[in-house]
Amino acid sequence: NSEVSVFEVNIRFIGGLLAAYYLSGQEVFKIKAVQLAGKLLPAFNTPTGIPWAMVNLKSGVGRNWGWASAGSSILAEFGTLHMEFVHLSYLTGDPVYYNKVMHIRKLLQKMDRPNGLYPNYLNPRTGRWGQHHTSVGGLGDSFYEYLLKAWLMSDKMDTEARKMYDDAIEAIEKHLIRKSNGGLTFIGEWKNGHLERKMGHLTCFAGGMFALGADGSRDDKAGHYLQLGAEIAHTCHESYDRTTLKLGPEAFKFDGGVEAVAVRQNEKYYILRPEVIETYWYMWRFTHDPKYRQWGWEATQAIDKYCRVSGGFSGVKDVYSSSPTYDDVQQSFFLAETLKYLYLLFSNDDLLPLDNWVFNTEAHPLPVL
């Protein structure tokens, strides 16, 4: 009798169980994934079919986060169900999961997008956008990732998903991606009609996404997107390199003389996040430039030096302090993503080759269908 996040249960638990099933062949993981997914289905009982953010596992009653714009659902949450739900239908033969996520896609395709951008908020009662805030970081991020990965997972048959991805990143490049005075390429956030020149650690995943999507991109722009991925990777490495601990802050600005540095105290923490290392790994796979392994090793040593504690690893509250305090939390994504991407960065390409596997947003590998 408790409420859970539909998005988090999907990407961490269902994604993890599905990957465990595919990697081990043990039926119990599939059975549990399907059981859990059944508990999430009542969240889709809304006037539009856009799911609630939270659902009570016992009663099936859903609701949205109190802080979200005008009772809206969040783009990155309802837009990051596709991979897992398509696999659930594939494994069970029951189309209900596939139909739920395809309904969301169809609804999004019909809607007008301001400047071609997807706002982060959509009201599940009215089917209208909430405030026009667009981000490739938190609240938006994995929606774009899953458009690309839906296409890859379908063995490149799902051209509708690829077109949605291409259209979206075209608008993102036009409106959100800028070069700083110091020559760093960054992805800002669109808020209230203007671009905020701030990039979150979460946004750093996009370097890897651009590289992953380079092959098959429009107008023969593969080289362009690989280069864009490299530039984002460089910017995110700078955000690490410009700190005392050589670990990146939660968010960093590009204002005036300040570049790739956190300004506010509440943005100086590092909670063992994987996105920068994820991008290093994709860039390594596609270019084999040794600097990506070098950068990954720098991060590994910093995590070992400053985050290791007696009971595991902990986040730190200020990456610019030479005597950091711990937050006393080891996030589950540290194991699922950060360590996995580091391991893969120093492994051969034939371990989980990208032609056969697509990683969900929590780094759980699912096979191409």
# chains A, B, ... in the order shown; residues from 1 in each chain; ligands from 1
>>> residues_around(residues="Ala70 (chain A)", least_positions_apart="4", cutoff="9 Å", atoms="only C-alpha atoms", output="PyMOL selection string")
chain A and resi 66+121-123+130-131
>>> residues_around(residues="Gly312 (chain A)", least_positions_apart="5", cutoff="12 Å", atoms="only C-alpha atoms", output="PyMOL selection string")
chain A and resi 272+303-304+306-307+326+328-332+334-335
>>> write_last_selection(atoms="N, CA, C and O atoms", output="PDB file, in the first residue's frame")
ATOM      1  N   LEU A 272      27.507  10.725  -7.534  1.00  0.00           N
ATOM      2  CA  LEU A 272      27.941   9.487  -8.202  1.00  0.00           C
ATOM      3  C   LEU A 272      27.262   9.281  -9.547  1.00  0.00           C
ATOM      4  O   LEU A 272      27.082   8.155 -10.008  1.00  0.00           O
ATOM      5  N   ILE A 303      36.719   9.228  -7.912  1.00  0.00           N
ATOM      6  CA  ILE A 303      35.640   8.557  -7.175  1.00  0.00           C
ATOM      7  C   ILE A 303      36.227   7.686  -6.066  1.00  0.00           C
ATOM      8  O   ILE A 303      35.766   7.688  -4.920  1.00  0.00           O
ATOM      9  N   ASP A 304      37.298   6.958  -6.398  1.00  0.00           N
ATOM     10  CA  ASP A 304      37.921   6.074  -5.415  1.00  0.00           C
ATOM     11  C   ASP A 304      38.518   6.871  -4.253  1.00  0.00           C
ATOM     12  O   ASP A 304      38.439   6.472  -3.096  1.00  0.00           O
ATOM     13  N   TYR A 306      37.771  10.151  -3.255  1.00  0.00           N
ATOM     14  CA  TYR A 306      36.912  11.081  -2.507  1.00  0.00           C
ATOM     15  C   TYR A 306      35.532  10.542  -2.158  1.00  0.00           C
ATOM     16  O   TYR A 306      34.848  11.118  -1.312  1.00  0.00           O
ATOM     17  N   CYS A 307      35.096   9.445  -2.789  1.00  0.00           N
ATOM     18  CA  CYS A 307      33.736   8.940  -2.549  1.00  0.00           C
ATOM     19  C   CYS A 307      33.701   7.603  -1.824  1.00  0.00           C
ATOM     20  O   CYS A 307      32.661   7.222  -1.288  1.00  0.00           O
ATOM     21  N   TYR A 326      30.360  14.158   3.080  1.00  0.00           N
ATOM     22  CA  TYR A 326      29.586  13.131   2.376  1.00  0.00           C
ATOM     23  C   TYR A 326      28.095  13.389   2.507  1.00  0.00           C
ATOM     24  O   TYR A 326      27.647  13.942   3.513  1.00  0.00           O
ATOM     25  N   ASP A 328      26.196  10.699   2.407  1.00  0.00           N
ATOM     26  CA  ASP A 328      25.860   9.420   3.034  1.00  0.00           C
ATOM     27  C   ASP A 328      24.815   8.623   2.244  1.00  0.00           C
ATOM     28  O   ASP A 328      23.998   7.913   2.826  1.00  0.00           O
ATOM     29  N   VAL A 329      24.840   8.757   0.915  1.00  0.00           N
ATOM     30  CA  VAL A 329      23.938   7.973   0.072  1.00  0.00           C
ATOM     31  C   VAL A 329      24.736   7.321  -1.061  1.00  0.00           C
ATOM     32  O   VAL A 329      25.545   7.989  -1.714  1.00  0.00           O
ATOM     33  N   GLN A 330      24.519   6.032  -1.277  1.00  0.00           N
ATOM     34  CA  GLN A 330      25.014   5.374  -2.491  1.00  0.00           C
ATOM     35  C   GLN A 330      23.806   5.106  -3.388  1.00  0.00           C
ATOM     36  O   GLN A 330      23.010   4.217  -3.121  1.00  0.00           O
ATOM     37  N   GLN A 331      23.668   5.930  -4.412  1.00  0.00           N
ATOM     38  CA  GLN A 331      22.543   5.810  -5.330  1.00  0.00           C
ATOM     39  C   GLN A 331      22.603   4.480  -6.087  1.00  0.00           C
ATOM     40  O   GLN A 331      23.685   4.010  -6.439  1.00  0.00           O
ATOM     41  N   SER A 332      21.433   3.918  -6.404  1.00  0.00           N
ATOM     42  CA  SER A 332      21.435   2.637  -7.134  1.00  0.00           C
ATOM     43  C   SER A 332      22.040   2.784  -8.527  1.00  0.00           C
ATOM     44  O   SER A 332      22.600   1.846  -9.076  1.00  0.00           O
ATOM     45  N   PHE A 334      24.665   4.228  -9.266  1.00  0.00           N
ATOM     46  CA  PHE A 334      26.127   4.091  -9.203  1.00  0.00           C
ATOM     47  C   PHE A 334      26.542   2.683  -9.642  1.00  0.00           C
ATOM     48  O   PHE A 334      27.513   2.508 -10.381  1.00  0.00           O
ATOM     49  N   LEU A 335      25.775   1.688  -9.187  1.00  0.00           N
ATOM     50  CA  LEU A 335      26.052   0.299  -9.586  1.00  0.00           C
ATOM     51  C   LEU A 335      25.529   0.008 -10.988  1.00  0.00           C
ATOM     52  O   LEU A 335      26.215  -0.589 -11.814  1.00  0.00           O
TER      53      LEU A 335
END
>>> atom_distance(atom1="CA of Arg113 (chain A)", atom2="CA of His133 (chain A)")
11.5 Å
>>> closest_atom_pairs(of="region 227-305 of chain A", to="region 172-188 of chain A", cutoff="8 Å", atoms="only C-alpha atoms", output="Markdown table")
| residue | atom | partner | partner_atom | distance |
| --- | --- | --- | --- | --- |
| A:Glu231 | CA | A:Thr185 | CA | 5.9 |
| A:Ile232 | CA | A:Thr185 | CA | 6.0 |
| A:His234 | CA | A:Leu184 | CA | 7.8 |
| A:Thr235 | CA | A:Leu184 | CA | 5.7 |
| A:Phe254 | CA | A:Ser180 | CA | 6.4 |
| A:Glu259 | CA | A:Gly182 | CA | 7.5 |
>>> write_last_selection(atoms="all heavy atoms", output="compact mmCIF listing (two decimals), in the first residue's frame")
# COMPACT_ATOMS: atom_id res chain seq x y z
N GLU A 231 32.35 17.45 -28.80
CA GLU A 231 32.38 18.78 -28.17
C GLU A 231 31.66 18.79 -26.83
O GLU A 231 32.13 19.40 -25.86
CB GLU A 231 31.78 19.82 -29.13
CG GLU A 231 32.68 20.11 -30.33
CD GLU A 231 32.04 21.04 -31.35
OE1 GLU A 231 31.04 21.73 -30.99
OE2 GLU A 231 32.51 21.07 -32.50
N ILE A 232 30.52 18.09 -26.76
CA ILE A 232 29.79 17.98 -25.48
C ILE A 232 30.64 17.21 -24.46
O ILE A 232 30.74 17.59 -23.29
CB ILE A 232 28.43 17.27 -25.68
CG1 ILE A 232 27.52 18.06 -26.63
CG2 ILE A 232 27.74 17.03 -24.33
CD1 ILE A 232 27.07 19.40 -26.15
N HIS A 234 33.85 17.06 -24.31
CA HIS A 234 34.93 17.97 -23.90
C HIS A 234 34.42 18.98 -22.86
O HIS A 234 35.06 19.20 -21.82
CB HIS A 234 35.50 18.70 -25.12
CG HIS A 234 36.44 19.80 -24.77
ND1 HIS A 234 37.68 19.57 -24.19
CD2 HIS A 234 36.34 21.16 -24.90
CE1 HIS A 234 38.29 20.74 -23.98
NE2 HIS A 234 37.50 21.70 -24.41
N THR A 235 33.27 19.57 -23.12
CA THR A 235 32.68 20.53 -22.18
C THR A 235 32.43 19.87 -20.82
O THR A 235 32.75 20.44 -19.77
CB THR A 235 31.35 21.08 -22.73
OG1 THR A 235 31.62 21.81 -23.93
CG2 THR A 235 30.66 21.99 -21.72
N PHE A 254 27.50 29.21 -17.97
CA PHE A 254 28.32 29.81 -19.02
C PHE A 254 27.95 31.29 -19.11
O PHE A 254 27.39 31.73 -20.11
CB PHE A 254 28.09 29.10 -20.36
CG PHE A 254 28.51 27.65 -20.32
CD1 PHE A 254 27.61 26.67 -19.91
CD2 PHE A 254 29.80 27.28 -20.65
CE1 PHE A 254 28.00 25.35 -19.84
CE2 PHE A 254 30.20 25.95 -20.59
CZ PHE A 254 29.29 24.99 -20.18
N GLU A 259 32.75 29.82 -16.78
CA GLU A 259 32.42 28.79 -17.76
C GLU A 259 32.62 27.38 -17.19
O GLU A 259 33.68 27.09 -16.63
CB GLU A 259 33.26 28.96 -19.03
CG GLU A 259 33.02 30.29 -19.72
CD GLU A 259 33.39 30.26 -21.19
OE1 GLU A 259 34.05 29.29 -21.63
OE2 GLU A 259 33.03 31.21 -21.89
>>> atom_distance(atom1="CA of Ala150 (chain A)", atom2="CA of Asn120 (chain A)")
19.7 Å
>>> residues_around(residues="Leu75 (chain A)", least_positions_apart="2", cutoff="9 Å", atoms="only C-alpha atoms", output="PyMOL selection string")
chain A and resi 73+77-80+118-122+139-143
>>> closest_residue(among="A:His224, A:Lys32, A:Lys340, A:Lys191", to="Leu88 (chain A)", atoms="only C-alpha atoms")
A:Lys32
>>> residues_around(residues="Asn356 (chain A)", least_positions_apart="5", cutoff="9 Å", atoms="only C-alpha atoms", output="list in words")
Met153, Asp155, Leu366, Pro367, Val368 and Leu369 of chain A
>>> atom_distance(atom1="CA of Lys110 (chain A)", atom2="CA of Ala168 (chain A)")
14.2 Å
>>> decode(residues="region 295-325 of chain A", atoms="N, CA and C atoms", output="mmCIF file, in the first residue's frame")
data_model
loop_
_atom_site.group_PDB
_atom_site.id
_atom_site.type_symbol
_atom_site.label_atom_id
_atom_site.label_comp_id
_atom_site.auth_asym_id
_atom_site.auth_seq_id
_atom_site.Cartn_x
_atom_site.Cartn_y
_atom_site.Cartn_z
ATOM 1 N N TRP A 295 40.230 10.129 -19.623
ATOM 2 C CA TRP A 295 39.252 10.902 -18.845
ATOM 3 C C TRP A 295 38.461 10.000 -17.899
ATOM 4 N N GLY A 296 38.110 8.801 -18.368
ATOM 5 C CA GLY A 296 37.405 7.851 -17.517
ATOM 6 C C GLY A 296 38.246 7.406 -16.335
ATOM 7 N N TRP A 297 39.546 7.253 -16.597
ATOM 8 C CA TRP A 297 40.452 6.841 -15.515
ATOM 9 C C TRP A 297 40.616 7.956 -14.478
ATOM 10 N N GLU A 298 40.663 9.203 -14.958
ATOM 11 C CA GLU A 298 40.693 10.350 -14.020
ATOM 12 C C GLU A 298 39.484 10.308 -13.089
ATOM 13 N N ALA A 299 38.300 10.095 -13.668
ATOM 14 C CA ALA A 299 37.073 10.052 -12.867
ATOM 15 C C ALA A 299 37.087 8.864 -11.897
ATOM 16 N N THR A 300 37.564 7.714 -12.375
ATOM 17 C CA THR A 300 37.662 6.517 -11.527
ATOM 18 C C THR A 300 38.514 6.795 -10.298
ATOM 19 N N GLN A 301 39.683 7.404 -10.533
ATOM 20 C CA GLN A 301 40.588 7.688 -9.410
ATOM 21 C C GLN A 301 39.983 8.694 -8.443
ATOM 22 N N ALA A 302 39.280 9.693 -8.978
ATOM 23 C CA ALA A 302 38.654 10.697 -8.115
ATOM 24 C C ALA A 302 37.524 10.085 -7.284
ATOM 25 N N ILE A 303 36.719 9.228 -7.912
ATOM 26 C CA ILE A 303 35.640 8.557 -7.175
ATOM 27 C C ILE A 303 36.227 7.686 -6.066
ATOM 28 N N ASP A 304 37.298 6.958 -6.398
ATOM 29 C CA ASP A 304 37.921 6.074 -5.415
ATOM 30 C C ASP A 304 38.518 6.871 -4.253
ATOM 31 N N LYS A 305 39.112 8.027 -4.581
ATOM 32 C CA LYS A 305 39.790 8.832 -3.571
ATOM 33 C C LYS A 305 38.816 9.594 -2.668
ATOM 34 N N TYR A 306 37.771 10.151 -3.255
ATOM 35 C CA TYR A 306 36.912 11.081 -2.507
ATOM 36 C C TYR A 306 35.532 10.542 -2.158
ATOM 37 N N CYS A 307 35.096 9.445 -2.789
ATOM 38 C CA CYS A 307 33.736 8.940 -2.549
ATOM 39 C C CYS A 307 33.701 7.603 -1.824
ATOM 40 N N ARG A 308 34.829 6.891 -1.799
ATOM 41 C CA ARG A 308 34.834 5.593 -1.137
ATOM 42 C C ARG A 308 34.739 5.778 0.378
ATOM 43 N N VAL A 309 33.815 5.034 0.989
ATOM 44 C CA VAL A 309 33.655 5.030 2.448
ATOM 45 C C VAL A 309 33.605 3.573 2.916
ATOM 46 N N SER A 310 33.556 3.376 4.227
ATOM 47 C CA SER A 310 33.661 2.002 4.737
ATOM 48 C C SER A 310 32.551 1.102 4.208
ATOM 49 N N GLY A 311 31.353 1.651 4.022
ATOM 50 C CA GLY A 311 30.220 0.830 3.600
ATOM 51 C C GLY A 311 29.903 0.887 2.122
ATOM 52 N N GLY A 312 30.805 1.437 1.312
ATOM 53 C CA GLY A 312 30.540 1.542 -0.130
ATOM 54 C C GLY A 312 31.055 2.853 -0.671
ATOM 55 N N PHE A 313 30.192 3.578 -1.375
ATOM 56 C CA PHE A 313 30.571 4.867 -1.944
ATOM 57 C C PHE A 313 29.491 5.888 -1.622
ATOM 58 N N SER A 314 29.896 7.129 -1.451
ATOM 59 C CA SER A 314 28.963 8.189 -1.081
ATOM 60 C C SER A 314 29.113 9.377 -2.012
ATOM 61 N N GLY A 315 28.014 10.101 -2.217
ATOM 62 C CA GLY A 315 28.099 11.389 -2.896
ATOM 63 C C GLY A 315 28.809 12.397 -2.014
ATOM 64 N N VAL A 316 29.293 13.501 -2.633
ATOM 65 C CA VAL A 316 29.930 14.575 -1.872
ATOM 66 C C VAL A 316 29.174 15.888 -2.118
ATOM 67 N N LYS A 317 29.188 16.765 -1.113
ATOM 68 C CA LYS A 317 28.333 17.948 -1.168
ATOM 69 C C LYS A 317 28.953 19.141 -1.893
ATOM 70 N N ASP A 318 30.293 19.151 -2.027
ATOM 71 C CA ASP A 318 30.928 20.293 -2.695
ATOM 72 C C ASP A 318 32.211 19.842 -3.396
ATOM 73 N N VAL A 319 32.168 19.792 -4.712
ATOM 74 C CA VAL A 319 33.322 19.314 -5.485
ATOM 75 C C VAL A 319 34.442 20.350 -5.572
ATOM 76 N N TYR A 320 34.183 21.567 -5.064
ATOM 77 C CA TYR A 320 35.206 22.625 -5.075
ATOM 78 C C TYR A 320 35.914 22.739 -3.727
ATOM 79 N N SER A 321 35.518 21.884 -2.782
ATOM 80 C CA SER A 321 36.111 21.917 -1.444
ATOM 81 C C SER A 321 37.175 20.831 -1.314
ATOM 82 N N SER A 322 38.300 21.174 -0.710
ATOM 83 C CA SER A 322 39.373 20.184 -0.556
ATOM 84 C C SER A 322 39.090 19.229 0.608
ATOM 85 N N SER A 323 38.116 19.573 1.454
ATOM 86 C CA SER A 323 37.712 18.635 2.518
ATOM 87 C C SER A 323 36.197 18.435 2.439
ATOM 88 N N PRO A 324 35.765 17.654 1.448
ATOM 89 C CA PRO A 324 34.321 17.532 1.194
ATOM 90 C C PRO A 324 33.596 16.746 2.276
ATOM 91 N N THR A 325 32.312 17.069 2.462
ATOM 92 C CA THR A 325 31.482 16.269 3.353
ATOM 93 C C THR A 325 30.631 15.323 2.508
#
